[in-house]
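K.L.:
My structure is in start.cif, and what it holds is mmCIF, C-alpha atoms:
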data_coords
loop_
_atom_site.label_atom_id
_atom_site.label_comp_id
_atom_site.auth_asym_id
_atom_site.auth_seq_id
_atom_site.Cartn_x
_atom_site.Cartn_y
_atom_site.Cartn_z
CA MET A 18 0.00 0.00 0.00
CA SER A 19 2.84 2.36 0.78
CA GLU A 20 5.28 1.45 -1.98
CA PRO A 21 7.14 4.51 -3.19
CA LYS A 22 5.86 5.65 -6.55
CA PRO A 23 8.45 5.15 -9.28
CA LYS A 24 9.83 8.37 -10.78
CA PRO A 25 7.82 9.13 -13.89
CA PRO A 26 9.71 8.48 -17.13
CA PRO A 27 10.46 11.40 -19.44
CA PRO A 28 7.18 12.38 -21.08
CA ALA A 29 7.80 10.96 -24.55
CA ASP A 30 4.31 11.68 -25.80
CA ILE A 31 4.07 15.36 -24.80
CA PRO A 32 4.66 17.55 -27.85
CA VAL A 33 7.84 19.57 -27.48
CA PRO A 34 7.57 23.26 -28.41
CA LYS A 35 9.64 24.19 -31.47
CA ALA A 36 11.37 26.92 -29.46
CA VAL A 37 12.68 24.27 -27.06
CA VAL A 38 14.08 22.20 -29.93
CA SER A 39 15.77 25.35 -31.32
CA ARG A 40 17.36 26.02 -27.96
CA LEU A 41 18.74 22.45 -27.86
CA SER A 42 20.88 23.41 -30.87
CA LEU A 43 22.13 26.48 -28.99
CA TYR A 44 22.95 24.44 -25.87
CA LEU A 45 24.80 21.95 -28.06
CA ARG A 46 26.94 24.70 -29.64
CA GLU A 47 27.86 26.20 -26.26
CA LEU A 48 28.71 22.76 -24.88
CA GLN A 49 30.92 22.11 -27.90
CA HIS A 50 32.66 25.46 -27.34
CA LEU A 51 33.15 24.66 -23.65
CA VAL A 52 34.75 21.29 -24.47
CA ARG A 53 36.97 22.89 -27.12
CA ASP A 54 38.09 25.38 -24.46
CA GLY A 55 39.02 22.55 -22.11
CA HIS A 56 35.96 22.49 -19.82
CA GLN A 57 34.61 19.13 -18.64
CA ARG A 58 31.62 20.26 -16.57
CA THR A 59 29.03 22.98 -16.77
CA SER A 60 25.82 24.04 -15.02
CA SER A 61 22.41 25.33 -16.03
CA SER A 62 23.40 28.78 -14.76
CA GLN A 63 26.64 28.83 -16.82
CA LEU A 64 24.84 27.63 -19.95
CA GLY A 65 22.07 30.13 -19.33
CA ARG A 66 24.54 32.97 -18.78
CA LEU A 67 26.40 32.17 -22.01
CA LEU A 68 23.16 32.31 -23.97
CA GLY A 69 21.24 34.96 -22.08
CA PHE A 70 18.62 32.56 -20.66
CA SER A 71 17.77 31.91 -17.02
CA ASP A 72 19.07 28.73 -15.39
CA ALA A 73 15.44 27.71 -14.80
CA GLN A 74 14.81 27.95 -18.55
CA VAL A 75 17.75 25.65 -19.28
CA ARG A 76 16.58 23.06 -16.73
CA LYS A 77 12.99 23.24 -17.95
CA ASP A 78 14.02 22.78 -21.59
CA LEU A 79 16.18 19.75 -20.82
CA ALA A 80 13.48 18.23 -18.59
CA TYR A 81 11.34 17.64 -21.69
CA PHE A 82 13.74 14.90 -22.64
CA GLY A 83 14.70 13.24 -19.36
CA HIS A 84 16.92 13.69 -16.34
CA PHE A 85 20.39 15.06 -16.99
CA GLY A 86 23.10 16.21 -14.64
CA HIS A 87 23.30 16.06 -10.86
CA PRO A 88 22.20 18.61 -8.24
CA GLY A 89 25.18 20.56 -6.93
CA ILE A 90 27.50 19.03 -9.53
CA GLY A 91 25.96 20.07 -12.83
CA TYR A 92 26.40 18.43 -16.18
CA ARG A 93 29.30 16.54 -17.69
CA CYS A 94 29.72 18.33 -21.03
CA ASP A 95 30.48 15.15 -23.00
CA ASP A 96 27.46 13.33 -21.61
CA LEU A 97 25.12 16.22 -22.30
CA ILE A 98 26.49 16.66 -25.83
CA LYS A 99 25.89 12.95 -26.46
CA ALA A 100 22.36 13.16 -25.04
CA ILE A 101 21.40 16.25 -27.06
CA ARG A 102 22.80 14.78 -30.27
CA LYS A 103 20.71 11.68 -29.64
CA ILE A 104 17.59 13.84 -29.12
CA LEU A 105 18.29 15.91 -32.24
CA GLY A 106 19.04 12.76 -34.21
CA THR A 107 22.54 13.95 -35.08
CA ASP A 108 24.16 10.96 -33.36
CA ARG A 109 23.69 9.12 -36.65
CA ASP A 110 25.02 9.64 -40.15
CA TRP A 111 22.91 11.95 -42.34
CA PRO A 112 23.94 11.89 -45.97
CA VAL A 113 22.56 15.07 -47.55
CA ALA A 114 21.77 16.03 -51.16
CA MET A 115 22.33 19.61 -52.38
CA VAL A 116 20.26 20.76 -55.33
CA GLY A 117 21.63 23.85 -57.05
CA THR A 118 25.32 24.68 -57.49
CA GLY A 119 25.16 28.42 -58.10
CA ASN A 120 26.81 30.81 -55.64
CA LEU A 121 24.58 29.81 -52.74
CA GLY A 122 24.87 26.07 -53.46
CA ARG A 123 28.66 26.38 -53.71
CA ALA A 124 28.79 28.40 -50.51
CA LEU A 125 26.74 25.73 -48.72
CA LEU A 126 28.92 22.93 -50.13
CA GLY A 127 31.93 24.68 -48.60
CA TYR A 128 30.24 25.54 -45.30
CA LYS A 129 32.28 23.86 -42.55
CA GLY A 130 29.47 24.08 -40.01
CA PHE A 131 27.51 21.19 -41.53
CA SER A 132 30.15 18.48 -41.23
CA HIS A 133 31.03 19.65 -37.70
CA GLN A 134 27.50 18.62 -36.73
CA GLY A 135 27.46 15.32 -38.59
CA PHE A 136 25.80 16.33 -41.86
CA ARG A 137 27.68 15.07 -44.88
CA ILE A 138 26.75 16.45 -48.29
CA VAL A 139 27.36 13.41 -50.48
CA ALA A 140 25.99 14.54 -53.83
CA ALA A 141 25.06 17.77 -55.60
CA PHE A 142 22.58 18.16 -58.43
CA ASP A 143 22.10 20.69 -61.20
CA ILE A 144 20.66 20.87 -64.70
CA ASP A 145 23.39 23.07 -66.24
CA PRO A 146 25.45 20.79 -68.55
CA GLN A 147 28.53 22.93 -67.78
CA ARG A 148 28.35 21.89 -64.14
CA ILE A 149 27.46 18.18 -64.43
CA GLY A 150 30.41 15.93 -63.63
CA ALA A 151 32.33 18.67 -61.81
CA THR A 152 33.54 18.22 -58.24
CA ILE A 153 32.92 21.17 -55.90
CA GLU A 154 34.44 21.10 -52.41
CA GLY A 155 34.92 17.37 -52.86
CA VAL A 156 31.28 16.76 -53.84
CA ARG A 157 30.35 15.41 -57.28
CA VAL A 158 27.66 17.23 -59.29
CA PHE A 159 25.08 14.96 -60.97
CA HIS A 160 22.31 15.79 -63.40
CA LEU A 161 19.04 16.26 -61.52
CA ASP A 162 17.60 13.41 -63.58
CA ARG A 163 19.82 11.02 -61.61
CA LEU A 164 18.38 12.12 -58.24
CA VAL A 165 16.29 8.97 -57.56
CA GLU A 166 19.16 6.64 -58.36
CA VAL A 167 21.88 8.55 -56.48
CA ALA A 168 19.65 9.17 -53.45
CA ALA A 169 18.84 5.46 -53.18
CA GLU A 170 22.49 4.41 -53.59
CA ASN A 171 23.63 6.80 -50.87
CA LYS A 172 20.61 6.37 -48.56
CA ILE A 173 20.03 10.14 -48.71
CA LYS A 174 17.13 11.26 -46.50
CA LEU A 175 17.77 15.02 -46.27
CA GLY A 176 18.02 17.56 -49.06
CA MET A 177 18.86 21.24 -49.40
CA ILE A 178 17.39 23.45 -52.09
CA ALA A 179 19.57 26.30 -53.38
CA VAL A 180 18.02 26.98 -56.78
CA PRO A 181 16.36 30.17 -58.07
CA ALA A 182 12.94 30.77 -56.49
CA PRO A 183 10.86 29.89 -59.59
CA ALA A 184 12.44 26.40 -59.73
CA ALA A 185 12.17 25.59 -56.02
CA GLN A 186 8.74 23.90 -55.98
CA ALA A 187 9.57 21.58 -58.91
CA VAL A 188 12.84 20.61 -57.22
CA ALA A 189 11.02 19.98 -53.93
CA ASP A 190 8.57 17.67 -55.75
CA ARG A 191 11.45 15.73 -57.25
CA LEU A 192 13.15 15.40 -53.86
CA VAL A 193 9.92 14.00 -52.42
CA ALA A 194 9.59 11.56 -55.33
CA ALA A 195 13.16 10.43 -54.60
CA GLY A 196 12.20 9.48 -51.04
CA ILE A 197 13.75 12.49 -49.28
CA GLU A 198 12.12 12.93 -45.85
CA GLY A 199 13.40 16.37 -44.84
CA ILE A 200 14.16 19.50 -46.86
CA VAL A 201 15.88 22.78 -46.02
CA ASN A 202 14.77 25.36 -48.56
CA PHE A 203 17.12 28.31 -49.07
CA ALA A 204 15.20 29.68 -52.07
CA PRO A 205 13.29 32.82 -51.00
CA VAL A 206 9.87 31.29 -51.71
CA THR A 207 7.40 29.14 -49.79
CA ILE A 208 7.11 25.54 -50.99
CA SER A 209 4.25 23.08 -50.41
CA LEU A 210 5.03 19.52 -49.45
CA PRO A 211 3.09 16.42 -48.39
CA ASP A 212 2.51 16.16 -44.63
CA ASN A 213 4.94 13.29 -44.25
CA VAL A 214 7.88 15.36 -45.50
CA ARG A 215 9.39 17.80 -43.00
CA HIS A 216 10.78 21.06 -44.20
CA VAL A 217 12.38 24.24 -42.97
CA GLY A 218 12.48 27.42 -45.00
CA VAL A 219 15.52 29.61 -44.41
CA ASP A 220 14.73 33.26 -45.02
CA LEU A 221 18.06 35.04 -44.67
CA ALA A 222 16.35 38.45 -44.57
CA ILE A 223 14.74 37.53 -41.24
CA GLU A 224 18.13 37.84 -39.54
CA LEU A 225 18.49 41.36 -40.87
CA GLU A 226 14.97 42.27 -39.74
CA GLN A 227 15.65 40.99 -36.24
CA LEU A 228 18.83 43.03 -36.23
CA SER A 229 17.13 46.21 -37.39
CA PHE A 230 14.55 45.73 -34.63
CA SER A 231 17.36 45.53 -32.06
CA VAL A 232 19.17 48.54 -33.46
CA VAL A 233 16.03 50.66 -33.67
CA ASN A 234 14.92 49.72 -30.19
CA ARG A 235 18.35 50.32 -28.73
CA LEU A 236 18.24 53.77 -30.33
CA ASN A 237 14.73 54.42 -28.99
CA ASN A 238 15.82 53.08 -25.63
CA ASN A 239 12.65 51.02 -25.20
CA GLY A 240 11.08 47.70 -26.15
CA SER A 241 14.35 45.80 -25.95
CA ALA A 242 13.97 42.13 -26.75
CA THR A 243 14.44 39.52 -24.03
CA GLU A 244 14.21 35.75 -23.95
CA MET B 110 -15.15 60.07 -9.60
CA SER B 111 -16.67 57.76 -12.22
CA GLU B 112 -14.86 58.93 -15.35
CA PRO B 113 -14.12 56.03 -17.68
CA LYS B 114 -10.50 55.00 -17.51
CA PRO B 115 -8.64 55.69 -20.75
CA LYS B 116 -7.51 52.59 -22.62
CA PRO B 117 -3.91 51.92 -21.63
CA PRO B 118 -1.37 52.73 -24.34
CA PRO B 119 0.70 49.91 -25.83
CA PRO B 120 3.25 48.91 -23.18
CA ALA B 121 6.37 50.46 -24.72
CA ASP B 122 8.59 49.70 -21.76
CA ILE B 123 7.80 45.98 -21.37
CA PRO B 124 10.61 43.91 -22.85
CA VAL B 125 9.41 41.94 -25.84
CA PRO B 126 10.48 38.27 -25.95
CA LYS B 127 12.83 37.49 -28.84
CA ALA B 128 10.49 34.73 -30.00
CA VAL B 129 7.73 37.32 -30.49
CA VAL B 130 10.00 39.52 -32.60
CA SER B 131 10.93 36.47 -34.71
CA ARG B 132 7.26 35.71 -35.28
CA LEU B 133 6.67 39.29 -36.46
CA SER B 134 8.94 38.51 -39.42
CA LEU B 135 6.88 35.40 -40.16
CA TYR B 136 3.59 37.34 -39.97
CA LEU B 137 5.08 39.95 -42.30
CA ARG B 138 6.04 37.30 -44.89
CA GLU B 139 2.58 35.72 -44.84
CA LEU B 140 0.92 39.13 -45.14
CA GLN B 141 3.16 39.94 -48.10
CA HIS B 142 2.20 36.61 -49.72
CA LEU B 143 -1.49 37.30 -49.09
CA VAL B 144 -1.27 40.73 -50.74
CA ARG B 145 0.66 39.27 -53.67
CA ASP B 146 -2.13 36.71 -54.07
CA GLY B 147 -4.74 39.49 -54.17
CA HIS B 148 -6.05 39.39 -50.59
CA GLN B 149 -6.87 42.67 -48.83
CA ARG B 150 -7.94 41.38 -45.43
CA THR B 151 -6.93 38.61 -43.10
CA SER B 152 -7.63 37.41 -39.56
CA SER B 153 -5.63 36.08 -36.63
CA SER B 154 -7.03 32.62 -37.34
CA GLN B 155 -6.00 32.72 -41.02
CA LEU B 156 -2.52 33.99 -40.16
CA GLY B 157 -2.23 31.38 -37.42
CA ARG B 158 -3.41 28.59 -39.73
CA LEU B 159 -0.89 29.57 -42.41
CA LEU B 160 1.94 29.42 -39.88
CA GLY B 161 0.78 26.64 -37.59
CA PHE B 162 0.12 28.92 -34.60
CA SER B 163 -3.15 29.43 -32.69
CA ASP B 164 -5.16 32.58 -33.36
CA ALA B 165 -4.70 33.48 -29.68
CA GLN B 166 -0.93 33.37 -30.18
CA VAL B 167 -1.16 35.77 -33.13
CA ARG B 168 -3.31 38.24 -31.19
CA LYS B 169 -1.11 38.00 -28.10
CA ASP B 170 2.06 38.63 -30.14
CA LEU B 171 0.62 41.68 -31.87
CA ALA B 172 -0.76 43.04 -28.60
CA TYR B 173 2.80 43.71 -27.43
CA PHE B 174 2.92 46.54 -29.91
CA GLY B 175 -0.52 48.10 -29.84
CA HIS B 176 -4.05 47.59 -31.10
CA PHE B 177 -4.40 46.33 -34.64
CA GLY B 178 -7.41 45.16 -36.59
CA HIS B 179 -11.07 45.18 -35.68
CA PRO B 180 -13.19 42.51 -33.96
CA GLY B 181 -15.26 40.59 -36.51
CA ILE B 182 -13.50 42.27 -39.42
CA GLY B 183 -9.89 41.31 -38.92
CA TYR B 184 -6.83 43.07 -40.26
CA ARG B 185 -6.30 45.09 -43.42
CA CYS B 186 -3.17 43.43 -44.85
CA ASP B 187 -1.61 46.70 -46.02
CA ASP B 188 -2.11 48.41 -42.67
CA LEU B 189 -0.69 45.48 -40.74
CA ILE B 190 2.31 45.20 -43.09
CA LYS B 191 3.00 48.90 -42.57
CA ALA B 192 2.66 48.57 -38.79
CA ILE B 193 4.95 45.54 -38.58
CA ARG B 194 7.58 47.15 -40.80
CA LYS B 195 7.51 50.17 -38.51
CA ILE B 196 7.97 47.93 -35.45
CA LEU B 197 10.81 45.99 -37.08
CA GLY B 198 12.40 49.21 -38.28
CA THR B 199 12.25 48.14 -41.93
CA ASP B 200 10.07 51.10 -42.89
CA ARG B 201 13.29 53.06 -43.32
CA ASP B 202 16.27 52.67 -45.64
CA TRP B 203 19.03 50.39 -44.34
CA PRO B 204 22.20 50.58 -46.40
CA VAL B 205 24.20 47.42 -45.63
CA ALA B 206 27.89 46.55 -45.97
CA MET B 207 28.98 43.04 -46.97
CA VAL B 208 32.44 41.92 -45.89
CA GLY B 209 33.75 38.93 -47.82
CA THR B 210 33.08 38.18 -51.48
CA GLY B 211 33.81 34.47 -51.61
CA ASN B 212 31.03 32.03 -52.51
CA LEU B 213 28.88 32.90 -49.51
CA GLY B 214 29.40 36.65 -49.90
CA ARG B 215 28.53 36.44 -53.61
CA ALA B 216 25.47 34.34 -52.84
CA LEU B 217 24.32 36.90 -50.29
CA LEU B 218 24.97 39.79 -52.71
CA GLY B 219 22.66 38.06 -55.18
CA TYR B 220 20.02 37.07 -52.63
CA LYS B 221 16.76 38.70 -53.70
CA GLY B 222 15.15 38.35 -50.29
CA PHE B 223 17.13 41.24 -48.78
CA SER B 224 16.02 44.00 -51.12
CA HIS B 225 12.41 42.74 -50.97
CA GLN B 226 12.50 43.65 -47.27
CA GLY B 227 14.21 47.01 -47.68
CA PHE B 228 17.84 46.06 -47.09
CA ARG B 229 20.14 47.46 -49.74
CA ILE B 230 23.70 46.17 -49.91
CA VAL B 231 25.53 49.29 -51.04
CA ALA B 232 29.16 48.22 -50.75
CA ALA B 233 31.19 45.04 -50.48
CA PHE B 234 34.65 44.69 -48.96
CA ASP B 235 37.47 42.24 -49.40
CA ILE B 236 41.27 42.12 -49.05
CA ASP B 237 41.99 40.04 -52.17
CA PRO B 238 43.54 42.43 -54.77
CA GLN B 239 41.92 40.34 -57.53
CA ARG B 240 38.47 41.27 -56.25
CA ILE B 241 38.93 44.95 -55.38
CA GLY B 242 37.24 47.23 -57.90
CA ALA B 243 35.02 44.48 -59.28
CA THR B 244 31.24 44.85 -59.37
CA ILE B 245 29.25 41.81 -58.19
CA GLU B 246 25.47 41.80 -58.60
CA GLY B 247 25.67 45.56 -59.06
CA VAL B 248 27.66 46.12 -55.88
CA ARG B 249 31.20 47.55 -55.98
CA VAL B 250 33.95 45.75 -54.05
CA PHE B 251 36.26 48.00 -52.02
CA HIS B 252 39.42 47.19 -50.10
CA LEU B 253 38.60 46.59 -46.43
CA ASP B 254 40.95 49.47 -45.58
CA ARG B 255 38.34 51.85 -47.04
CA LEU B 256 35.57 50.62 -44.71
CA VAL B 257 35.48 53.67 -42.42
CA GLU B 258 35.33 56.11 -45.31
CA VAL B 259 32.78 54.20 -47.43
CA ALA B 260 30.55 53.43 -44.42
CA ALA B 261 30.45 57.12 -43.47
CA GLU B 262 29.75 58.26 -47.04
CA ASN B 263 26.85 55.82 -47.40
CA LYS B 264 25.55 56.10 -43.83
CA ILE B 265 25.93 52.34 -43.42
CA LYS B 266 24.70 51.08 -40.03
CA LEU B 267 24.38 47.34 -40.68
CA GLY B 268 27.03 44.88 -41.81
CA MET B 269 27.20 41.23 -42.82
CA ILE B 270 30.26 39.07 -42.28
CA ALA B 271 30.90 36.31 -44.81
CA VAL B 272 34.61 35.70 -44.37
CA PRO B 273 36.43 32.53 -43.25
CA ALA B 274 35.94 31.79 -39.54
CA PRO B 275 39.51 32.73 -38.45
CA ALA B 276 39.09 36.25 -39.90
CA ALA B 277 35.60 36.95 -38.51
CA GLN B 278 36.54 38.57 -35.18
CA ALA B 279 39.04 40.99 -36.76
CA VAL B 280 36.43 41.97 -39.37
CA ALA B 281 33.83 42.48 -36.64
CA ASP B 282 36.22 44.77 -34.76
CA ARG B 283 36.75 46.82 -37.90
CA LEU B 284 33.00 47.09 -38.51
CA VAL B 285 32.55 48.37 -34.97
CA ALA B 286 35.37 50.87 -35.44
CA ALA B 287 33.59 52.08 -38.60
CA GLY B 288 30.45 52.89 -36.61
CA ILE B 289 28.38 49.86 -37.66
CA GLU B 290 25.59 49.26 -35.11
CA GLY B 291 24.33 45.83 -36.11
CA ILE B 292 26.11 42.79 -37.53
CA VAL B 293 24.89 39.52 -39.03
CA ASN B 294 27.70 37.00 -38.79
CA PHE B 295 27.55 34.10 -41.26
CA ALA B 296 31.01 32.78 -40.36
CA PRO B 297 30.63 29.60 -38.29
CA VAL B 298 32.31 31.05 -35.21
CA THR B 299 31.14 33.09 -32.22
CA ILE B 300 32.29 36.72 -32.19
CA SER B 301 32.53 39.11 -29.22
CA LEU B 302 31.29 42.66 -29.58
CA PRO B 303 30.79 45.68 -27.34
CA ASP B 304 27.36 45.81 -25.65
CA ASN B 305 26.20 48.73 -27.77
CA VAL B 306 26.57 46.76 -31.02
CA ARG B 307 23.79 44.27 -31.78
CA HIS B 308 24.62 41.08 -33.59
CA VAL B 309 23.03 37.90 -34.84
CA GLY B 310 25.01 34.78 -35.60
CA VAL B 311 23.60 32.64 -38.39
CA ASP B 312 24.47 28.98 -37.91
CA LEU B 313 23.19 27.25 -41.02
CA ALA B 314 23.66 23.81 -39.45
CA ILE B 315 20.92 24.59 -36.92
CA GLU B 316 18.32 24.31 -39.66
CA LEU B 317 19.57 20.83 -40.51
CA GLU B 318 19.54 19.81 -36.85
CA GLN B 319 15.96 21.00 -36.44
CA LEU B 320 15.07 19.03 -39.54
CA SER B 321 16.74 15.86 -38.34
CA PHE B 322 14.84 16.18 -35.06
CA SER B 323 11.56 16.38 -37.00
CA VAL B 324 12.42 13.46 -39.23
CA VAL B 325 13.59 11.26 -36.35
CA ASN B 326 10.57 12.06 -34.24
CA ARG B 327 8.18 11.53 -37.11
CA LEU B 328 9.79 8.12 -37.59
CA ASN B 329 9.53 7.34 -33.87
CA ASN B 330 6.00 8.64 -33.92
CA ASN B 331 6.47 10.61 -30.71
CA GLY B 332 7.77 13.89 -29.37
CA SER B 333 6.60 15.86 -32.38
CA ALA B 334 7.39 19.55 -32.13
CA THR B 335 4.62 22.09 -31.69
CA GLU B 336 4.53 25.85 -31.35
#
Since I need it in another form, could you write the structure as C-alpha cells?
P.N.:
Amino acid sequence: MSEPKPKPPPPADIPVPKAVVSRLSLYLRELQHLVRDGHQRTSSSQLGRLLGFSDAQVRKDLAYFGHFGHPGIGYRCDDLIKAIRKILGTDRDWPVAMVGTGNLGRALLGYKGFSHQGFRIVAAFDIDPQRIGATIEGVRVFHLDRLVEVAAENKIKLGMIAVPAPAAQAVADRLVAAGIEGIVNFAPVTISLPDNVRHVGVDLAIELEQLSFSVVNRLNNNGSATE
Amino acid sequence: MSEPKPKPPPPADIPVPKAVVSRLSLYLRELQHLVRDGHQRTSSSQLGRLLGFSDAQVRKDLAYFGHFGHPGIGYRCDDLIKAIRKILGTDRDWPVAMVGTGNLGRALLGYKGFSHQGFRIVAAFDIDPQRIGATIEGVRVFHLDRLVEVAAENKIKLGMIAVPAPAAQAVADRLVAAGIEGIVNFAPVTISLPDNVRHVGVDLAIELEQLSFSVVNRLNNNGSATE
C-alpha cells in the first residue's frame, strides 16, 4: 500500500515546443565550445549565462527529454552533448543532397558548419550541362535526372534546395519523389510539401529584420527584446 | 469620480520576448504573400493557420505593440504590413555593408530576399587584390581598408560578415570601429562585440539539426514539435 511511486519516465508523448528544440541546438553549440576550451563540466546557470537565458529555462528545456546532470554538480559536457545529439538525431550519419550549385549552393557545399554537426553532403545536383560531372568542395555534381538513383544508392534522406525561387517547388517535388524525408529550402519562396515530408524554410532576410529591430529599439531606448 | 478610464497605451517599456520579434517577421512574410495573391484582409485565425500557430498566439504577439485590426473584421493586410515594418524598423532605408566576397558573400549579394524587405547592400569589402574594384550583382567591391570612409559616405549602419571563420573577429572589430551598429555573422564562429553593437550569428547547421529532429521524431511517432 505504501510502496514509493516510481519516478515518472520522461514524457515521450508530450509535444515539445519548437522553441525548445531550437534552444537544444544552442545548448549543443555552447557545450561544444566549452569542451573545445578545455571544460569538462558545466551548469544550467553557466549555460544560461552564455546564452542569455535563465538557469530555470535551461533546466525546464532539458526536462522535456529526461533527467540530466546532478544537483550541486551540474552536467558533464560530454554526456550532455551525447544526449542532445541523440535527441536531435545527429548521433547518426545523415547523408545530404544539395540541389543547385550556383553561388549559394557552392557556398553551402563549402560551409564547414555542416560536417562539424554530422551532416555530410554526399551529392550535388544541377541541370546546367557545364556543371554536371564537376567536383565542388569534394562533392560530385550529378544531373538532376539522376536524383532517384543517387539518393537510393547513398541512402540520402535530407536535401537542401539552393536553386532560383521559380524552380524551387519543382525541385522539392522531385526530392519527395526520390524518397527524401526532410528538406531545407534556401530559395526565397514558400514551398508546399506532403505532410509526411518535414521542411524548414531559411529566409536570410529575417536575420536582418531581427537586427534592425534591435538597433532601432536600442536607439529608442525602449522595447528591448528579451528571452 | 466615475470617469471612464482611458484605454492603456501599448506597453512600450515591457521587454518583448525574442520569439515574439521572430514571429513578427513570419507574420510579415505571410501578409506579403497574401497581398501578392490578391487578398486585402486577413484574420488572426487565417494567419495562425498559415503558420501553424493558434489565433490566440497571433493576437497576443501583436498586442505587445498596440491595437491592430477590428473585432469581426480582422486586419487590413496593407495596414498590418505597414505597422509591422515600422515595429521591425524596416520602414526606413538600411544601407548594408557586406564583408567577404567568396562564394557565400557572392550568394548573399545576389540574394533577392534582402532588397524585398528594404535592405540594400551598397558596398562590399574584401582584401583580395583580384576582387577589389570588381562589381558583383551591381555592388562595388572596395578594399577593407576603405571601410570607415565608405561606411560614413553611405551612412551604413548594418554589416554582414561572410569571411572565413579565423578572420571573422578581426572583421567584426573593424566594422565596430567604422560605426556599424548591427552585424549579421555568417562565419561559423562566435564573435565578441561591445554591448552597444547588436549582432546575430547565423548557424546554417541549426536548420539541418531541427530538420533531423523532426524526421527522427516523425519516424519514432512521438515527441513531435509544436509551437
K.L.:
Decode the PyMOL selection byres ((chain A) within 8 of (chain B)) for the given file into explicit residues and return them as a PyMOL selection string.
P.N.:
chain A and resi 29-36+38-39+42+104-107+119-121+123-125+129-131+134+136+198-201+205+214-217+219-233+239-244
K.L.:
Return the padded bounding box of segment 272-287 of chain B as AutoDock Vina command-line options: axis-aligned, built from all atoms listed in the file, 3 Å added on each side, with centre and edge lengths in Å to one decimal.
P.N.:
--center_x 36.0 --center_y 41.9 --center_z -39.6 --size_x 13.0 --size_y 26.3 --size_z 15.6
K.L.:
Could you list the residues chosen by the PyMOL selection byres ((chain A and resi 65) around 12) in this structure as a list in words?
P.N.:
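Applied to this file, the PyMOL selection byres ((chain A and resi 65) around 12) selects Arg40, Leu41, Leu43, Tyr44, Glu47, Leu48, Thr59, Ser60, Ser61, Ser62, Gln63, Leu64, Arg66, Leu67, Leu68, Gly69, Phe70, Ser71, Asp72, Ala73, Gln74, Val75, Arg76, Lys77, Asp78 and Glu244 of chain A.
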K.L.:
List as a compact mmCIF listing (two decimals) with C-alpha atoms, keeping the file's coordinate frame the protein and nucleic acid residues near Arg249 of chain B, meaning an atom at most 7 Å away when only C-alpha atoms are counted, but skip any in the same chain fewer than 6 places from it.
P.N.:
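Result written to selection_37.txt:
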# COMPACT_ATOMS: atom_id res chain seq x y z
CA ALA B 232 29.16 48.22 -50.75
CA ALA B 233 31.19 45.04 -50.48
CA GLY B 242 37.24 47.23 -57.90
CA ALA B 243 35.02 44.48 -59.28
K.L.:
Using Å and a single decimal, report how far atom CA of Asp108 of chain A sits from atom CA of Tyr92 of chain A.
P.N.:
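Separation between atom CA of Tyr92 of chain A and atom CA of Asp108 of chain A: 18.9 Å.
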K.L.:
Starting from the displayed file, determine the output of the PyMOL selection byres ((chain A and resi 166-168) around 10) and express the residue list as number ranges by chain.
P.N.:
A: 112-114, 139-142, 159, 161-165, 169-176, 192, 195-197
K.L.:
Could you state the separation of atom CA of Pro183 of chain A and atom CA of Val250 of chain B in Å, given to one decimal place?
P.N.:
28.6 Å
K.L.:
Interatomic distance between atom CA of Glu246 of chain B and atom CA of Asp202 of chain B?
P.N.:
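Distance reported for this atom pair: 19.3 Å.
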K.L.:
Taking (32.5, 47.2, -30.0) in the file's coordinates, which residues come within 6 Å, counting only C-alpha atoms, written as a PDB file with C-alpha atoms, in the frame of the given file?
P.N.:
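Generated output (result.pdb):
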ATOM      1  CA  VAL B 285      32.550  48.370 -34.970  1.00  0.00           C
ATOM      2  CA  LEU B 302      31.290  42.660 -29.580  1.00  0.00           C
ATOM      3  CA  PRO B 303      30.790  45.680 -27.340  1.00  0.00           C
TER       4      PRO B 303
END
